[in-house]
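A quick write-up on the structure given underneath.
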Amino acid sequence: MTENEKKAVKVVGTAPTMNKKSGEEWEIAEISIREIRSIIPAHCFERNTFRSFAYLFKDLFYVGALVYCASSIGNISFAPLRLVLWPVYWFLQSAVCTGLWMICHECGHQAFSSSKVLCDGVGMVVHSFMLVPYYSWAITHGKHHNTIGHVTRDKNHIPKLRSSTGLPPLAEDPEIDGPHSILEHAPFVELLRLSFFLFVAWPYYMLFHTPGDTTRERWVSHFNPNCFIFDKSQYWQVVQSIIGVLIMLGVLIGLGSIYGLINIIKFYIIPHILTHAWMITITYIQHTAPELPHYDSEVWSYQRGVALTVDRSYGAFLDHVFHHIGDTHFLHHVVHTIPHYHTVEATEHLKKALGKHYRRDDTPIYKVLFNSWTKCKFVENEGAVRFYKN
């Protein structure tokens, strides 16, 4: 982008951390993925199948060990202790399963092994265990990577446009971001809305794709092989994914008939819900923040979109359990085939290559999540670079 082109870019909204007035120039990062790849040591790109399986089996062992330990909770006579231990189990199991989810995520990106057959085989089996349609998810997730940061074409957490919020047009809005009631931004109300979002967004995304889609098709879903998000050549992959989920549902129904519905809820369903709340949290805050804009087609490119990512630490324990998906997320969008056990090292080289364009925020996750939720409500209908408003 030339200097004249930069001056012509229309910026709408304000980047709070930069202390800029609305309309001032936003510096669009020009990064070269080829140059970054050349700086990262060659061994970071190596996919060791045995090492990947070791991490997979370790996570599966933890899942089994936690189930075994939790099976003794019901034998504890002291009721208050049971009330404490079940949430502990749910937290730990959801964290471990989120790490297991990330192993499947690597399978979808062919980072688990150099063998596509192994990647897809492992991903299909383990994702089905988690009631995730593997191929369906992998296909749409790939589209997210290809359109990241675009204001209307990204496939995850598409920002609402002013016109869809019911607010008056910008020229007729004296408050810039519309009138607000006292109740609308009450912390308790916002917390309730955020909680609903975290627990409902994943099943909604699987069943109905993305709320931002403007298609008029009747049922756009990861479980509909005939909808527009899939090519005809992908039909049977989607069908396989559906069959895998149905088989797991059958297994759960069978186990429920043996051990009872309450035990299925306690041992599987609650950790499953919390796991996907973690997934929504991760995908949301890595790309959604008051200081991160979205680009329209005037300035968007794949390389520029990649730079609209921020690394966030979930604390040493969760970073480790999550296989560093949060604190090395920027790298993942630059080179998605690097396995997680090399991402920390590779990120150090990424920082040197990107300089000021590398973003990391170690603010506690609960603060980041609430801040993004309350301050990132919509973007304007027009503008090459659009920041969130609330």
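Within each chain, counting starts at residue 1; across the structure tokens, chains are named A, B, ... in the order shown, with ligands numbered 1 upward in that order.
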
Query raised in the report: Near range 245-260 of chain A, within 10 Å and counting only C-alpha atoms, which residues show up once chain neighbours fewer than 2 positions away are dropped, as JSON, numbers by chain?
Result: {"A": [124, 125, 127, 128, 129, 130, 131, 132, 133, 134, 223, 240, 241, 242, 243, 262, 263, 264, 265, 268, 269]}

Requested in this report: For range 56-70 of chain A, please output as an MDAnalysis selection string all residues within 12 Å (counting only C-alpha atoms; exclusion window: fewer than 3 positions along the same chain).
Outcome: chainID A and resid 49:53 73:76 82 84:107 112 119 122:123 125:126 129:130 263:264 266:268 271:272 320:323 340

Mind checking which residues fall within 10 Å of Leu207 in chain A, counting only C-alpha atoms, ignoring those fewer than 5 positions away in the same chain, and posting them as an mmCIF file with all heavy atoms, in the first residue's frame?
```
data_model
loop_
_atom_site.group_PDB
_atom_site.id
_atom_site.type_symbol
_atom_site.label_atom_id
_atom_site.label_comp_id
_atom_site.auth_asym_id
_atom_site.auth_seq_id
_atom_site.Cartn_x
_atom_site.Cartn_y
_atom_site.Cartn_z
ATOM 1 N N ALA A 201 -23.812 -20.462 21.646
ATOM 2 C CA ALA A 201 -23.204 -20.135 20.350
ATOM 3 C C ALA A 201 -22.710 -21.367 19.602
ATOM 4 O O ALA A 201 -22.877 -21.470 18.378
ATOM 5 C CB ALA A 201 -22.056 -19.146 20.542
ATOM 6 N N TRP A 202 -22.091 -22.332 20.324
ATOM 7 C CA TRP A 202 -21.539 -23.492 19.624
ATOM 8 C C TRP A 202 -22.625 -24.366 19.002
ATOM 9 O O TRP A 202 -22.544 -24.642 17.783
ATOM 10 C CB TRP A 202 -20.643 -24.322 20.542
ATOM 11 C CG TRP A 202 -20.141 -25.548 19.823
ATOM 12 C CD1 TRP A 202 -20.615 -26.817 19.925
ATOM 13 C CD2 TRP A 202 -19.110 -25.597 18.837
ATOM 14 N NE1 TRP A 202 -19.933 -27.662 19.076
ATOM 15 C CE2 TRP A 202 -19.006 -26.938 18.391
ATOM 16 C CE3 TRP A 202 -18.258 -24.636 18.283
ATOM 17 C CZ2 TRP A 202 -18.092 -27.337 17.432
ATOM 18 C CZ3 TRP A 202 -17.344 -25.034 17.322
ATOM 19 C CH2 TRP A 202 -17.265 -26.368 16.903
ATOM 20 N N TRP A 219 -32.170 -24.070 5.464
ATOM 21 C CA TRP A 219 -31.405 -24.664 6.566
ATOM 22 C C TRP A 219 -29.928 -24.730 6.192
ATOM 23 O O TRP A 219 -29.508 -25.602 5.452
ATOM 24 C CB TRP A 219 -31.917 -26.067 6.909
ATOM 25 C CG TRP A 219 -31.251 -26.663 8.110
ATOM 26 C CD1 TRP A 219 -30.832 -26.009 9.234
ATOM 27 C CD2 TRP A 219 -30.908 -28.034 8.300
ATOM 28 N NE1 TRP A 219 -30.255 -26.884 10.125
ATOM 29 C CE2 TRP A 219 -30.286 -28.134 9.581
ATOM 30 C CE3 TRP A 219 -31.049 -29.191 7.534
ATOM 31 C CZ2 TRP A 219 -29.812 -29.345 10.085
ATOM 32 C CZ3 TRP A 219 -30.588 -30.389 8.040
ATOM 33 C CH2 TRP A 219 -29.977 -30.470 9.304
ATOM 34 N N VAL A 220 -29.174 -23.783 6.700
ATOM 35 C CA VAL A 220 -27.722 -23.766 6.498
ATOM 36 C C VAL A 220 -27.104 -24.350 7.748
ATOM 37 O O VAL A 220 -27.217 -23.788 8.835
ATOM 38 C CB VAL A 220 -27.203 -22.336 6.256
ATOM 39 C CG1 VAL A 220 -25.707 -22.354 6.027
ATOM 40 C CG2 VAL A 220 -27.920 -21.712 5.076
ATOM 41 N N SER A 221 -26.455 -25.507 7.621
ATOM 42 C CA SER A 221 -26.016 -26.231 8.807
ATOM 43 C C SER A 221 -24.821 -27.119 8.489
ATOM 44 O O SER A 221 -24.641 -27.557 7.349
ATOM 45 C CB SER A 221 -27.163 -27.096 9.335
ATOM 46 O OG SER A 221 -26.738 -27.983 10.340
ATOM 47 N N HIS A 222 -24.025 -27.391 9.526
ATOM 48 C CA HIS A 222 -22.941 -28.365 9.401
ATOM 49 C C HIS A 222 -23.479 -29.782 9.253
ATOM 50 O O HIS A 222 -22.722 -30.706 8.972
ATOM 51 C CB HIS A 222 -22.017 -28.281 10.619
ATOM 52 C CG HIS A 222 -21.166 -27.044 10.642
ATOM 53 N ND1 HIS A 222 -21.632 -25.837 11.094
ATOM 54 C CD2 HIS A 222 -19.884 -26.832 10.259
ATOM 55 C CE1 HIS A 222 -20.667 -24.924 10.999
ATOM 56 N NE2 HIS A 222 -19.605 -25.497 10.500
ATOM 57 N N PHE A 223 -24.779 -29.941 9.448
ATOM 58 C CA PHE A 223 -25.414 -31.253 9.320
ATOM 59 C C PHE A 223 -26.282 -31.352 8.056
ATOM 60 O O PHE A 223 -27.073 -32.273 7.930
ATOM 61 C CB PHE A 223 -26.256 -31.547 10.557
ATOM 62 C CG PHE A 223 -25.448 -31.726 11.812
ATOM 63 C CD1 PHE A 223 -25.215 -30.667 12.670
ATOM 64 C CD2 PHE A 223 -24.888 -32.967 12.121
ATOM 65 C CE1 PHE A 223 -24.449 -30.821 13.818
ATOM 66 C CE2 PHE A 223 -24.121 -33.136 13.269
ATOM 67 C CZ PHE A 223 -23.902 -32.060 14.117
ATOM 68 N N ASN A 224 -26.108 -30.397 7.152
ATOM 69 C CA ASN A 224 -26.849 -30.426 5.888
ATOM 70 C C ASN A 224 -25.855 -30.436 4.726
ATOM 71 O O ASN A 224 -25.352 -29.387 4.330
ATOM 72 C CB ASN A 224 -27.777 -29.216 5.782
ATOM 73 C CG ASN A 224 -28.573 -29.204 4.488
ATOM 74 O OD1 ASN A 224 -28.508 -30.143 3.689
ATOM 75 N ND2 ASN A 224 -29.337 -28.142 4.270
#
```

Requested in this report: From a DSSP calculation on the backbone, collect every residue of range 147-376 of chain A in strand (DSSP E) and output the set as a list in words.
Outcome: His294, Tyr295, Asp311, Arg312, Arg360 and Asp361 of chain A

Query raised in the report: So how far away is CA of His332 in chain A from CA of His357 in chain A, in Å?
Result: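 About the pair CA of His357 in chain A and CA of His332 in chain A: they are 15.4 Å apart.
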
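You can rank A:Asn156, A:Ser136, A:Asn371, A:Asn390 by their closest distance to Tyr284 in chain A using only C-alpha atoms, and at the top of that list sits A:Asn156.
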
Query raised in the report: Hey, what does DSSP flag as alpha helix (DSSP H) within range 177-347 of chain A? Can you give it to me as an MDAnalysis selection string?
Result: chainID A and resid 187:208 235:259 261:264 270:285 302:306 316:321 329:334 340:347

Requested in this report: Could you check which of A:Arg162, A:Lys389, A:His287, A:Arg218 is closest to Leu369 in chain A, using only C-alpha atoms?
Outcome: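 Smallest distance to Leu369 in chain A is found for A:His287.
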
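For the pair CA of Tyr204 in chain A and CA of Pro169 in chain A, the interatomic distance is 29.6 Å.
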
Report task. Tell me which protein, DNA and RNA residues are within 9 Å of range 362-366 of chain A, counting only C-alpha atoms, leaving out same-chain ones fewer than 3 positions away, and put them as a VMD selection string. Result -> chain A and resid 281 285 311 to 315 327 369 to 371

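Ranking A:Asn381, A:Thr328, A:Thr374, A:Thr283 by their shortest atom-to-atom distance to Ile148 in chain A, with only C-alpha atoms included, puts A:Thr283 first.
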
Query raised in the report: Which residues come within 9 Å of Cys44 in chain A, counting only C-alpha atoms, excluding same-chain residues fewer than 4 positions away, as a list in words?
Result: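 Residues meeting the cut-off are Ile40, Ile338, Pro339, Tyr341, His342, Thr343, Glu345 and Ala346 of chain A.
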
Report task. Go ahead and compute the interatomic distance for CA of Phe228 in chain A and CA of His276 in chain A, in Å to one decimal. Result ->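 A separation of 24.8 Å between them.
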
Query raised in the report: Nearest to Leu308 in chain A among A:Lys351, A:Lys155, A:Arg359, A:Lys367, with distances taken over only C-alpha atoms: which residue is it?
Result: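 Of A:Lys351, A:Lys155, A:Arg359, A:Lys367, the one nearest Leu308 in chain A, counting only C-alpha atoms, is A:Arg359.
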
Query raised in the report: Can you list, as number ranges by chain, every protein, DNA or RNA residue that comes within 7 Å of Gly305 in chain A when you count only C-alpha atoms, leaving out same-chain residues fewer than 4 positions away?
Result: A: 148-150, 300-301

Requested in this report: Please provide as number ranges by chain all residues within 8 Å of Trp373 in chain A, with the sequence filter that same-chain residues fewer than 4 positions apart are discarded (counting only C-alpha atoms).
Outcome: A: 190, 194, 369, 377
